[in-house]
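**Q** Below is the file data_24.cif, with mmCIF, C-alpha atoms.
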```cif
data_structure
#
loop_
_atom_site.group_PDB
_atom_site.id
_atom_site.type_symbol
_atom_site.label_atom_id
_atom_site.label_comp_id
_atom_site.auth_asym_id
_atom_site.auth_seq_id
_atom_site.Cartn_x
_atom_site.Cartn_y
_atom_site.Cartn_z
ATOM 1 C CA MET D 1 34.821 -188.495 122.188
ATOM 2 C CA GLN D 2 37.078 -185.539 122.920
ATOM 3 C CA ARG D 3 37.175 -184.630 119.226
ATOM 4 C CA PHE D 4 33.373 -184.729 119.091
ATOM 5 C CA ALA D 5 33.152 -182.442 122.111
ATOM 6 C CA GLN D 6 35.593 -180.001 120.563
ATOM 7 C CA GLY D 7 33.629 -179.937 117.302
ATOM 8 C CA TYR D 8 30.344 -179.410 119.118
ATOM 9 C CA GLY D 9 31.875 -176.635 121.230
ATOM 10 C CA LYS D 10 33.203 -174.911 118.123
ATOM 11 C CA LYS D 11 29.771 -174.978 116.446
ATOM 12 C CA LEU D 12 28.129 -173.675 119.612
ATOM 13 C CA PHE D 13 30.721 -170.895 119.822
ATOM 14 C CA GLU D 14 30.047 -169.914 116.202
ATOM 15 C CA LYS D 15 26.293 -169.898 116.824
ATOM 16 C CA HIS D 16 26.584 -167.517 119.779
ATOM 17 C CA LEU D 17 28.916 -165.254 117.847
ATOM 18 C CA LYS D 18 26.392 -164.966 115.019
ATOM 19 C CA ASP D 19 23.686 -164.013 117.531
ATOM 20 C CA TYR D 20 25.715 -161.087 118.882
ATOM 21 C CA GLU D 21 27.571 -159.722 115.879
ATOM 22 C CA PRO D 22 25.919 -157.592 113.164
ATOM 23 C CA LYS D 23 25.440 -158.835 109.615
ATOM 24 C CA ASP D 24 28.097 -158.565 106.966
ATOM 25 C CA PRO D 25 27.732 -155.115 105.365
ATOM 26 C CA LEU D 26 28.981 -156.218 101.929
ATOM 27 C CA TYR D 27 27.734 -159.799 101.482
ATOM 28 C CA GLU D 28 24.491 -161.613 102.134
ATOM 29 C CA SER D 29 23.869 -165.359 102.437
ATOM 30 C CA TYR D 30 21.419 -167.309 100.314
ATOM 31 C CA THR D 31 20.583 -170.942 99.564
ATOM 32 C CA ASP D 32 21.151 -172.174 96.020
ATOM 33 C CA ASN D 33 19.127 -174.797 94.148
ATOM 34 C CA LYS D 34 21.183 -177.613 95.687
ATOM 35 C CA GLY D 35 20.523 -176.430 99.250
ATOM 36 C CA ARG D 36 24.031 -175.069 99.820
ATOM 37 C CA GLN D 37 24.756 -171.758 101.539
ATOM 38 C CA ARG D 38 26.305 -169.192 99.234
ATOM 39 C CA ARG D 39 27.368 -165.562 99.511
ATOM 40 C CA ARG D 40 26.712 -162.695 97.146
ATOM 41 C CA LYS D 41 27.107 -158.951 97.273
ATOM 42 C CA ARG D 42 24.167 -156.964 98.525
ATOM 43 C CA ASP D 43 22.074 -155.009 96.067
ATOM 44 C CA SER D 44 21.575 -151.303 96.598
ATOM 45 C CA PRO D 45 18.083 -150.221 97.702
ATOM 46 C CA PRO D 46 15.890 -148.982 94.831
ATOM 47 C CA GLY D 47 15.157 -145.307 94.270
ATOM 48 C CA LEU D 48 18.638 -143.979 95.109
ATOM 49 C CA SER D 49 20.592 -141.464 93.106
ATOM 50 C CA THR D 50 23.901 -142.495 91.576
ATOM 51 C CA ARG D 51 25.735 -140.494 94.221
ATOM 52 C CA ASP D 52 23.997 -142.191 97.154
ATOM 53 C CA ALA D 53 24.441 -145.656 95.639
ATOM 54 C CA LYS D 54 28.195 -145.092 95.254
ATOM 55 C CA ILE D 55 28.517 -143.793 98.810
ATOM 56 C CA LEU D 56 26.663 -146.805 100.199
ATOM 57 C CA LYS D 57 28.803 -149.296 98.259
ATOM 58 C CA SER D 58 31.993 -147.569 99.385
ATOM 59 C CA VAL D 59 30.943 -147.576 103.048
ATOM 60 C CA GLN D 60 29.882 -151.226 102.889
ATOM 61 C CA ARG D 61 33.156 -152.295 101.312
ATOM 62 C CA ARG D 62 35.282 -150.394 103.820
ATOM 63 C CA ALA D 63 33.271 -151.641 106.791
ATOM 64 C CA HIS D 64 33.601 -155.222 105.551
ATOM 65 C CA TYR D 65 37.385 -155.142 105.422
ATOM 66 C CA LEU D 66 37.665 -153.266 108.702
ATOM 67 C CA ASP D 67 35.399 -155.703 110.587
ATOM 68 C CA LYS D 68 35.095 -158.989 108.684
ATOM 69 C CA GLY D 69 37.963 -159.253 106.235
ATOM 70 C CA PHE D 70 39.475 -162.367 107.874
ATOM 71 C CA HIS D 71 38.054 -165.671 109.117
ATOM 72 C CA LEU D 72 39.673 -167.791 111.848
ATOM 73 C CA CYS D 73 38.261 -170.409 114.263
ATOM 74 C CA GLY D 74 34.672 -169.595 113.419
ATOM 75 C CA MET D 75 35.118 -165.877 114.052
ATOM 76 C CA ARG D 76 35.334 -163.142 111.469
ATOM 77 C CA PHE D 77 37.494 -160.118 112.195
ATOM 78 C CA GLY D 78 39.095 -157.322 110.236
ATOM 79 C CA TRP D 79 41.847 -154.770 110.310
ATOM 80 C CA THR D 80 40.452 -153.050 113.397
ATOM 81 C CA PHE D 81 41.138 -156.177 115.454
ATOM 82 C CA VAL D 82 44.615 -156.636 114.021
ATOM 83 C CA ILE D 83 45.602 -153.000 114.551
ATOM 84 C CA GLY D 84 43.964 -152.892 117.976
ATOM 85 C CA ILE D 85 46.347 -155.539 119.304
ATOM 86 C CA ILE D 86 49.020 -152.826 119.490
ATOM 87 C CA PRO D 87 48.509 -151.263 122.950
ATOM 88 C CA GLY D 88 47.477 -147.611 122.982
ATOM 89 C CA ALA D 89 48.492 -146.574 119.493
ATOM 90 C CA GLY D 90 46.477 -149.361 117.875
ATOM 91 C CA ASP D 91 43.262 -148.308 119.615
ATOM 92 C CA ALA D 92 43.785 -144.669 118.638
ATOM 93 C CA ALA D 93 44.421 -145.720 115.033
ATOM 94 C CA ASP D 94 41.229 -147.810 115.060
ATOM 95 C CA ALA D 95 39.147 -144.844 116.210
ATOM 96 C CA ALA D 96 40.662 -142.642 113.505
ATOM 97 C CA LEU D 97 40.093 -145.236 110.767
ATOM 98 C CA ASN D 98 36.504 -145.845 111.848
ATOM 99 C CA TYR D 99 35.700 -142.157 111.497
ATOM 100 C CA ILE D 100 37.732 -141.289 108.392
ATOM 101 C CA LEU D 101 36.851 -144.325 106.277
ATOM 102 C CA VAL D 102 33.218 -144.890 107.306
ATOM 103 C CA VAL D 103 31.535 -142.009 109.138
ATOM 104 C CA ARG D 104 33.071 -139.180 107.131
ATOM 105 C CA LYS D 105 32.255 -140.966 103.878
ATOM 106 C CA ALA D 106 28.665 -141.591 105.007
ATOM 107 C CA ARG D 107 28.187 -137.896 105.816
ATOM 108 C CA GLN D 108 28.498 -137.103 102.106
ATOM 109 C CA ALA D 109 24.993 -138.564 101.661
ATOM 110 C CA GLU D 110 23.440 -135.566 103.507
ATOM 111 C CA LEU D 111 22.446 -137.510 106.621
ATOM 112 C CA PRO D 112 20.483 -135.957 109.510
ATOM 113 C CA GLY D 113 22.260 -135.031 112.709
ATOM 114 C CA TRP D 114 20.714 -137.762 114.847
ATOM 115 C CA LEU D 115 22.033 -140.476 112.509
ATOM 116 C CA ILE D 116 25.554 -139.024 112.538
ATOM 117 C CA GLY D 117 25.330 -138.917 116.334
ATOM 118 C CA GLN D 118 24.399 -142.603 116.480
ATOM 119 C CA MET D 119 27.376 -143.504 114.292
ATOM 120 C CA LEU D 120 29.728 -141.479 116.476
ATOM 121 C CA PHE D 121 28.257 -143.162 119.560
ATOM 122 C CA ASN D 122 29.068 -146.589 118.093
ATOM 123 C CA ASN D 123 32.618 -145.407 117.427
ATOM 124 C CA ALA D 124 32.914 -144.140 121.010
ATOM 125 C CA ILE D 125 31.855 -147.525 122.380
ATOM 126 C CA SER D 126 34.337 -149.243 120.105
ATOM 127 C CA ALA D 127 37.165 -146.937 121.190
ATOM 128 C CA GLY D 128 36.343 -147.249 124.880
ATOM 129 C CA VAL D 129 36.184 -151.038 124.820
ATOM 130 C CA GLY D 130 39.345 -151.283 122.735
ATOM 131 C CA PHE D 131 41.476 -149.725 125.478
ATOM 132 C CA VAL D 132 40.826 -152.733 127.732
ATOM 133 C CA PRO D 133 43.710 -155.198 127.130
ATOM 134 C CA ILE D 134 42.924 -158.543 125.417
ATOM 135 C CA VAL D 135 39.297 -158.766 126.534
ATOM 136 C CA GLY D 136 38.588 -155.396 124.964
ATOM 137 C CA ASP D 137 40.067 -156.485 121.648
ATOM 138 C CA ILE D 138 37.857 -159.585 121.581
ATOM 139 C CA ALA D 139 34.785 -157.527 122.448
ATOM 140 C CA LEU D 140 35.777 -155.026 119.774
ATOM 141 C CA ALA D 141 35.911 -157.796 117.178
ATOM 142 C CA MET D 142 32.409 -158.892 118.195
ATOM 143 C CA PHE D 143 30.871 -155.393 118.385
ATOM 144 C CA LYS D 144 31.958 -154.304 114.871
ATOM 145 C CA ALA D 145 31.098 -150.608 114.973
ATOM 146 C CA ASN D 146 31.752 -150.124 111.263
ATOM 147 C CA SER D 147 29.292 -152.847 110.279
ATOM 148 C CA ARG D 148 26.673 -151.293 112.539
ATOM 149 C CA ASN D 149 27.223 -147.878 110.989
ATOM 150 C CA ALA D 150 26.986 -149.333 107.484
ATOM 151 C CA ALA D 151 23.674 -150.984 108.452
ATOM 152 C CA LEU D 152 22.364 -147.639 109.744
ATOM 153 C CA LEU D 153 23.297 -145.955 106.474
ATOM 154 C CA GLU D 154 21.706 -148.698 104.376
ATOM 155 C CA GLU D 155 18.437 -148.563 106.311
ATOM 156 C CA TYR D 156 18.236 -144.769 106.080
ATOM 157 C CA LEU D 157 18.934 -144.773 102.337
ATOM 158 C CA ARG D 158 16.385 -147.540 101.856
ATOM 159 C CA VAL D 159 13.686 -145.296 103.358
ATOM 160 C CA ARG D 160 14.914 -142.380 101.231
ATOM 161 C CA GLY D 161 14.663 -144.459 98.060
ATOM 162 C CA GLU D 162 11.184 -145.734 98.917
ATOM 163 C CA GLU D 163 9.938 -142.213 99.574
ATOM 164 C CA TYR D 164 11.374 -140.910 96.304
ATOM 165 C CA LEU D 165 9.658 -143.635 94.259
ATOM 166 C CA LYS D 166 6.284 -142.677 95.746
ATOM 167 C CA ALA D 167 4.159 -139.867 94.387
ATOM 168 C CA ALA D 168 4.656 -136.599 96.237
ATOM 169 C CA ALA D 169 1.088 -136.679 97.597
ATOM 170 C CA THR D 170 1.450 -140.208 99.070
ATOM 171 C CA ARG D 171 4.726 -139.799 100.967
ATOM 172 C CA THR D 172 4.524 -140.567 104.687
ATOM 173 C CA GLU D 173 7.961 -139.469 105.963
ATOM 174 C CA ASP D 174 9.100 -135.910 106.586
ATOM 175 C CA PRO D 175 10.763 -134.706 103.344
ATOM 176 C CA ALA D 176 13.090 -132.402 105.273
ATOM 177 C CA GLU D 177 14.320 -135.376 107.297
ATOM 178 C CA VAL D 178 14.522 -138.037 104.581
ATOM 179 C CA ARG D 179 15.352 -135.774 101.591
ATOM 180 C CA PRO D 180 13.922 -137.959 98.787
ATOM 181 C CA GLY D 181 15.968 -137.770 95.596
ATOM 182 C CA ALA D 182 18.987 -136.182 97.289
ATOM 183 C CA GLY D 183 22.130 -136.198 95.179
ATOM 184 C CA ARG D 184 20.268 -136.605 91.896
ATOM 185 C CA THR D 185 21.430 -134.491 88.972
ATOM 186 C CA PRO D 186 18.774 -132.615 86.936
ATOM 187 C CA ASP D 187 19.041 -134.974 83.953
ATOM 188 C CA GLU D 188 19.411 -138.196 85.971
ATOM 189 C CA VAL D 189 16.691 -140.834 85.595
ATOM 190 C CA VAL D 190 16.206 -143.118 88.608
ATOM 191 C CA PRO D 191 14.891 -146.609 87.683
ATOM 192 C CA GLY D 192 11.379 -147.254 88.964
ATOM 193 C CA LYS D 193 10.420 -143.581 89.320
ATOM 194 C CA LYS D 194 7.157 -142.757 87.557
ATOM 195 C CA PRO D 195 6.833 -139.233 86.112
ATOM 196 C CA GLU D 196 4.593 -136.863 88.034
ATOM 197 C CA ARG D 197 1.297 -135.917 86.346
ATOM 198 C CA SER D 198 1.142 -132.364 85.077
ATOM 199 C CA GLY D 199 -1.901 -130.124 84.742
ATOM 200 C CA THR D 200 -1.786 -130.144 80.928
ATOM 201 C CA GLY D 201 -2.541 -132.868 78.441
ATOM 202 C CA TRP D 202 -5.155 -133.893 75.905
ATOM 203 C CA PHE D 203 -6.834 -136.479 78.159
ATOM 204 C CA ARG D 204 -6.631 -134.621 81.451
ATOM 205 C CA ARG D 205 -10.007 -133.303 82.647
ATOM 206 C CA GLY D 206 -10.289 -129.632 83.518
ATOM 207 C CA SER D 207 -10.591 -128.354 87.061
ATOM 208 C CA LYS D 208 -13.534 -126.528 88.619
ATOM 209 C CA GLY D 209 -11.822 -123.246 87.976
ATOM 210 C CA ASP D 210 -11.699 -124.051 84.272
ATOM 211 C CA LYS D 211 -15.414 -124.833 84.297
ATOM 212 C CA LYS D 212 -16.208 -121.533 85.996
ATOM 213 C CA SER D 213 -14.147 -119.624 83.468
ATOM 214 C CA LYS D 214 -15.973 -121.416 80.663
ATOM 215 C CA LYS D 215 -19.334 -120.479 82.192
ATOM 216 C CA GLY D 216 -18.225 -116.854 82.480
ATOM 217 C CA THR D 217 -17.090 -116.853 78.879
ATOM 218 C CA ALA D 218 -20.409 -118.330 77.759
ATOM 219 C CA ALA D 219 -22.366 -115.720 79.726
ATOM 220 C CA ALA D 220 -20.327 -112.907 78.215
ATOM 221 C CA ALA D 221 -20.872 -114.346 74.763
ATOM 222 C CA ALA D 222 -24.600 -114.590 75.418
ATOM 223 C CA ALA D 223 -24.752 -110.962 76.542
ATOM 224 C CA ALA D 224 -22.826 -109.845 73.486
ATOM 225 C CA GLY D 225 -25.082 -111.925 71.263
ATOM 226 C CA GLY D 226 -28.156 -110.395 72.828
ATOM 227 C CA SER D 227 -26.927 -106.929 71.984
ATOM 228 C CA ALA D 228 -26.398 -107.992 68.383
ATOM 229 C CA GLY D 229 -30.010 -109.108 67.908
ATOM 230 C CA VAL D 230 -29.899 -112.723 69.155
ATOM 231 C CA PRO D 231 -32.744 -113.567 71.586
ATOM 232 C CA SER D 232 -31.599 -113.751 75.202
ATOM 233 C CA PRO D 233 -33.506 -115.967 77.666
ATOM 234 C CA GLU D 234 -32.648 -113.649 80.574
ATOM 235 C CA ARG D 235 -34.706 -110.715 79.127
ATOM 236 C CA GLY D 236 -38.043 -112.482 79.218
ATOM 237 C CA ARG D 237 -40.138 -114.606 76.987
ATOM 238 C CA PHE D 238 -42.465 -111.948 75.415
ATOM 239 C CA ILE D 239 -39.965 -109.129 74.863
ATOM 240 C CA GLU D 240 -38.224 -108.990 71.552
ATOM 241 C CA ASP D 241 -34.518 -108.256 71.404
ATOM 242 C CA MET D 242 -33.903 -105.259 69.259
ATOM 243 C CA PRO D 243 -30.744 -103.365 68.436
ATOM 244 C CA ARG D 244 -30.115 -100.570 70.920
ATOM 245 C CA ASP D 245 -29.666 -97.940 68.200
ATOM 246 C CA VAL D 246 -33.144 -98.620 66.724
ATOM 247 C CA ALA D 247 -36.097 -96.936 68.520
ATOM 248 C CA PRO D 248 -39.477 -98.750 68.670
ATOM 249 C CA ALA D 249 -42.365 -97.444 66.592
ATOM 250 C CA ALA D 250 -45.080 -95.278 68.163
ATOM 251 C CA GLY D 251 -47.765 -97.895 67.586
ATOM 252 C CA ASP D 252 -45.775 -100.555 69.322
ATOM 253 C CA VAL D 253 -45.407 -98.285 72.366
ATOM 254 C CA LYS D 254 -49.172 -97.729 72.574
ATOM 255 C CA ARG D 255 -49.896 -101.450 72.338
ATOM 256 C CA LYS D 256 -47.519 -102.074 75.270
#
```
Could you express the structure from this file as structure tokens?
**A**
Amino acid sequence: MQRFAQGYGKKLFEKHLKDYEPKDPLYESYTDNKGRQRRRKRDSPPGLSTRDAKILKSVQRRAHYLDKGFHLCGMRFGWTFVIGIIPGAGDAADAALNYILVVRKARQAELPGWLIGQMLFNNAISAGVGFVPIVGDIALAMFKANSRNAALLEEYLRVRGEEYLKAAATRTEDPAEVRPGAGRTPDEVVPGKKPERSGTGWFRRGSKGDKKSKKGTAAAAAAAGGSAGVPSPERGRFIEDMPRDVAPAAGDVKRK
């Protein structure tokens, strides 16, 4: 009976931990064909440049080992928890590692200021809680600032990739804020990106301006043709078009 109670308490403890802690930044869970839970690495969001995809993978990998690299008694923890056990110096080292390995690397993706501020705020909470002996270390292992910052970066880059794959006229986010296609080299081809339509092409219909220019060209041609002896409908139905250098006969003038 006591063993059953201990097992039930352990499962309940694991369940509450999963409710409070963020998701694993590097791995995701899925169910295979036999109904078993498996883990696999997360795929990068579509529409990202090679630079942004590498930055995201690097941040996710570092955050995983800093926050969730070890598993013990139903709780996952990483190097930040192990280092934070050392009073004073361990907490200062954690704060430095969180910034150098995660936030500074994420800033290379040209992030907006408000997102950098949110990441630094998570690091400040982590550093403040870590200075509390024992209880602070446990709370630090549950809070996992690096995993939260990696999730912020992934969500922001996901929106950036979605906006880049859209046509320029159908984008809904502010381009100055999201920066679609940031980090892409001039000759880089991003999978899923359709080429923008240009104004030239055999099967592209002309614009209204082209039609007006055609009408003007036709009118000029008609005027030139009229001066060369071709009948012009604008000069009247009963007046003959004659060359300007030929004078009408005297009899024709009297009849008019």
**Q** How many Å lie between atom CA of Gly113 of chain D and atom CA of Lys23 of chain D, rounded to one decimal?
**A**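 These two atoms are separated by 24.2 Å.
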**Q** Env of Asp24 of chain D: 8 Å cut, atoms = all atoms listed in the file, seq-sep filter 5 positions within chain, self excluded. Answer as a list in words.
**A**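 After dropping sequence-adjacent residues, the list is His64, Lys68 and Ser147 of chain D.
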**Q** Using all atoms listed in the file, which residues sit within 12 Å of segment 36-47 of chain D once same-chain residues fewer than 5 positions away are excluded, as number ranges by chain?
**A** D: 23-31, 52-61, 64, 151, 153-166, 180-184, 188-194
**Q** Atom CA of Leu97 of chain D and atom CA of Gly136 of chain D, how far apart in Å?
**A** 17.5 Å
**Q** Given the PyMOL selection byres ((chain D and resi 140) around 10) and the file above, list the residues it selects as a CSV table (one decimal) with C-alpha atoms, in the coordinates of the input.
**A**
```csv
chain,number,residue,atom,x,y,z
D,67,ASP,CA,35.4,-155.7,110.6
D,77,PHE,CA,37.5,-160.1,112.2
D,80,THR,CA,40.5,-153.0,113.4
D,81,PHE,CA,41.1,-156.2,115.5
D,84,GLY,CA,44.0,-152.9,118.0
D,125,ILE,CA,31.9,-147.5,122.4
D,126,SER,CA,34.3,-149.2,120.1
D,127,ALA,CA,37.2,-146.9,121.2
D,128,GLY,CA,36.3,-147.2,124.9
D,129,VAL,CA,36.2,-151.0,124.8
D,130,GLY,CA,39.3,-151.3,122.7
D,131,PHE,CA,41.5,-149.7,125.5
D,132,VAL,CA,40.8,-152.7,127.7
D,134,ILE,CA,42.9,-158.5,125.4
D,135,VAL,CA,39.3,-158.8,126.5
D,136,GLY,CA,38.6,-155.4,125.0
D,137,ASP,CA,40.1,-156.5,121.6
D,138,ILE,CA,37.9,-159.6,121.6
D,139,ALA,CA,34.8,-157.5,122.4
D,141,ALA,CA,35.9,-157.8,117.2
D,142,MET,CA,32.4,-158.9,118.2
D,143,PHE,CA,30.9,-155.4,118.4
D,144,LYS,CA,32.0,-154.3,114.9
D,145,ALA,CA,31.1,-150.6,115.0
```
**Q** Would you mind reading off the distance between atom CA of Pro175 of chain D and atom CA of Asn98 of chain D, one decimal, in Å?
**A** 29.3 Å
**Q** At most 9 Å from (23.3, -134.2, 102.5), file frame, all atoms listed in the file: which residues, as a list of chain:residue names?
**A**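 So the residues meeting the distance criterion are D:Arg107, D:Gln108, D:Ala109, D:Glu110, D:Leu111, D:Pro112, D:Arg179, D:Ala182, D:Gly183.
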**Q** Would you mind telling me which residue in D:Asn146, D:Thr170, D:Ser49, D:Gln118 lies nearest to Pro186 of chain D when using all atoms listed in the file?
**A** D:Ser49
